[in-house]
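**Q** If you scroll down you'll find the structure; I have some questions about it.
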Amino acid sequence: MPNRIIAAAAVAALAAFASGAHSTQAQTPADSTIVVLLGTGMPRPNPEASGPATAVVVGGRVYLFDAGPGVERQLAAAHLPINGVTALFLTHLHTDHTLGYPDLVFTSWVMGRRTALQAYGPPGLRRMTDHLIAAWSEDIAVRTSGLEREAPGGYRVAVHEIRAGVVYDSAGVRVTAIPVRHGEWRYAFAYRIDTPDRSIVISGDTRPGDALTAAARGVDVLVHEVYPEARLAPENRPRGEDWPRYMRAFHTSDVEVGRLAATAQPRLLILYHVVRMGGTDEELLAGVRAGGFAGRAVVGKDLERY
Ligand SMILES: [Zn+2]
Ligand SMILES: [Zn+2]
């Protein structure tokens, strides 16, 4: 596809997005901030819940948080550009949050990306990126030197290995990385995004912690992972007796989310990355209420916009 057609396709996609296509929400002004749930799932493959990925769209800019499996297809389904995002932020390097990373890197190139993908994430991201580019070196050689005539180097990634604090601040959008505890992971982050009209916190994977609660105080939207406390029990499999201990060290229950939301008081709580263990939406929301949060709370579904 010639460049100008690809650029026109990206503009058309965003126009469709702005017009509210496939949205249950009312039309919103083109320059306002919208949260798009691209993937609300977790490691278990579920066609209804793609791998973790959340887009924060500010006018024509798309900030992507995590790149779970299926991310390019979900960007297409949401009418967002498939030829590169403004910036990618990874919460941590667990596979369920990063298996879509090579998809984002290479598919966006094949769909017309010419400039380096700006990728922010924990230490280890540079090594992961170098390995991915090496892993697909045969593809890169054929696409570049063969008849596909892809732009040489269009797959490039500008890697920013981050520490806690403000990691991005440009044209009214500020992204702050919040260190969180996620089992044995040395580096895992939640992100707070401040735009001209909204404040948003995305938890990534974490057990409850004060830093995230403080960062989420009074935000417009808190997107938080969850599992149903009442369903936590040893699993019937080898080493399944460690399951409750694992969940408590790595993740946050509905009751714990309710407790932290009661302190932080977000205007809207969206549950995602749902480790269901058979739990229903109603059970999860009841758990949140039991934790003490009385504000607006929803269980997020793929492609919803808030
Ligand atoms: Zn995860
Ligand atoms: Zn994780």
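Lettering and numbering for the structure tokens are positional, with chains as A, B, ... in the shown order, residues counted from 1 in each chain, and ligands counted from 1 in the shown order.
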Where in range 116-278 of chain A does DSSP assign alpha helix (DSSP H), given as an MDAnalysis selection string?

**A** chainID A and resid 125:135 137:145 210:215 243:250 254:264

**Q** With the cut-off set at 9 Å and counting only C-alpha atoms and all ligand atoms, tabulate each residue of chain A with an atom at most that distance from an atom of ligand 2, showing the nearest atom pair and its distance in Å to one decimal, ordered by chain and increasing number, as a tab-separated table.

**A**
residue	atom	partner	partner_atom_place_in_ligand_line	distance
A:Met42	CA	ligand 2	1 (Zn)	8.8
A:Thr91	CA	ligand 2	1 (Zn)	8.5
A:His92	CA	ligand 2	1 (Zn)	6.7
A:Leu93	CA	ligand 2	1 (Zn)	7.4
A:His94	CA	ligand 2	1 (Zn)	5.0
A:Thr95	CA	ligand 2	1 (Zn)	7.8
A:Asp96	CA	ligand 2	1 (Zn)	7.2
A:His97	CA	ligand 2	1 (Zn)	7.2
A:His182	CA	ligand 2	1 (Zn)	6.8
A:Gly183	CA	ligand 2	1 (Zn)	8.5
A:Trp185	CA	ligand 2	1 (Zn)	8.3
A:Ala188	CA	ligand 2	1 (Zn)	8.2
A:Gly204	CA	ligand 2	1 (Zn)	7.4
A:Asp205	CA	ligand 2	1 (Zn)	4.9
A:Thr206	CA	ligand 2	1 (Zn)	7.5
A:Phe250	CA	ligand 2	1 (Zn)	7.3
A:His251	CA	ligand 2	1 (Zn)	8.2

**Q** Can you tell me, as an NGL selection string, what residues are no more than 10 Å from Val105 in chain A when counting only C-alpha atoms, ignoring any on the same chain fewer than 2 positions away?

**A** :A and (72 or 83-84 or 100-103 or 107-110 or 113 or 116-117 or 119 or 129 or 132-133 or 154-157)

**Q** Out of A:Val201, A:Tyr246, A:Ala211, A:Glu138, which residue has the shortest atom-to-atom distance to Glu184 in chain A when counting only C-alpha atoms?

**A** A:Tyr246

**Q** Return as a ChimeraX atom specification the full set of residues in range 183-214 of chain A whose backbone-based DSSP assignment is strand (DSSP E).

**A** /A:189-194,199-202

**Q** For the residues in the current selection, export N, CA and C atoms as an mmCIF file, in the first residue's frame.

**A**
data_model
loop_
_atom_site.group_PDB
_atom_site.id
_atom_site.type_symbol
_atom_site.label_atom_id
_atom_site.label_comp_id
_atom_site.auth_asym_id
_atom_site.auth_seq_id
_atom_site.Cartn_x
_atom_site.Cartn_y
_atom_site.Cartn_z
ATOM 1 N N PHE A 189 4.830 -1.947 37.227
ATOM 2 C CA PHE A 189 4.316 -0.588 37.386
ATOM 3 C C PHE A 189 2.827 -0.521 37.091
ATOM 4 N N ALA A 190 2.143 0.346 37.828
ATOM 5 C CA ALA A 190 0.850 0.867 37.401
ATOM 6 C C ALA A 190 1.173 2.183 36.708
ATOM 7 N N TYR A 191 0.198 2.720 35.983
ATOM 8 C CA TYR A 191 0.428 4.027 35.352
ATOM 9 C C TYR A 191 -0.716 4.967 35.700
ATOM 10 N N ARG A 192 -0.341 6.222 35.929
ATOM 11 C CA ARG A 192 -1.346 7.288 36.034
ATOM 12 C C ARG A 192 -1.180 8.189 34.810
ATOM 13 N N ILE A 193 -2.292 8.480 34.145
ATOM 14 C CA ILE A 193 -2.280 9.307 32.951
ATOM 15 C C ILE A 193 -3.090 10.561 33.244
ATOM 16 N N ASP A 194 -2.459 11.713 33.098
ATOM 17 C CA ASP A 194 -3.160 12.992 33.262
ATOM 18 C C ASP A 194 -3.205 13.691 31.918
ATOM 19 N N SER A 199 -8.139 12.269 34.444
ATOM 20 C CA SER A 199 -7.056 11.543 35.121
ATOM 21 C C SER A 199 -7.464 10.068 35.206
ATOM 22 N N ILE A 200 -6.501 9.209 34.881
ATOM 23 C CA ILE A 200 -6.790 7.775 34.767
ATOM 24 C C ILE A 200 -5.648 7.009 35.430
ATOM 25 N N VAL A 201 -5.984 5.957 36.163
ATOM 26 C CA VAL A 201 -4.953 5.045 36.676
ATOM 27 C C VAL A 201 -5.256 3.644 36.174
ATOM 28 N N ILE A 202 -4.211 2.975 35.664
ATOM 29 C CA ILE A 202 -4.324 1.589 35.184
ATOM 30 C C ILE A 202 -3.398 0.742 36.047
#

**Q** Which residue is closest to Ile34 in chain A? Choose from A:Gly300, A:Gly59, A:Gly146, A:Gly51 and count only C-alpha atoms.

**A** A:Gly59

**Q** Go through A:Leu99, A:Ala214, A:Met277, A:Leu147 and flag the residue nearest Pro244 in chain A, using only C-alpha atoms for the distances.

**A** A:Met277

**Q** Considering only C-alpha atoms, return as a VMD selection string whatever protein or nucleic-acid residues lie within 9 Å of Glu225 in chain A, sequence-local ones (same chain, fewer than 2 positions apart) excluded.

**A** chain A and resid 40 202 to 206 223 227 251 to 254 257 270 to 275
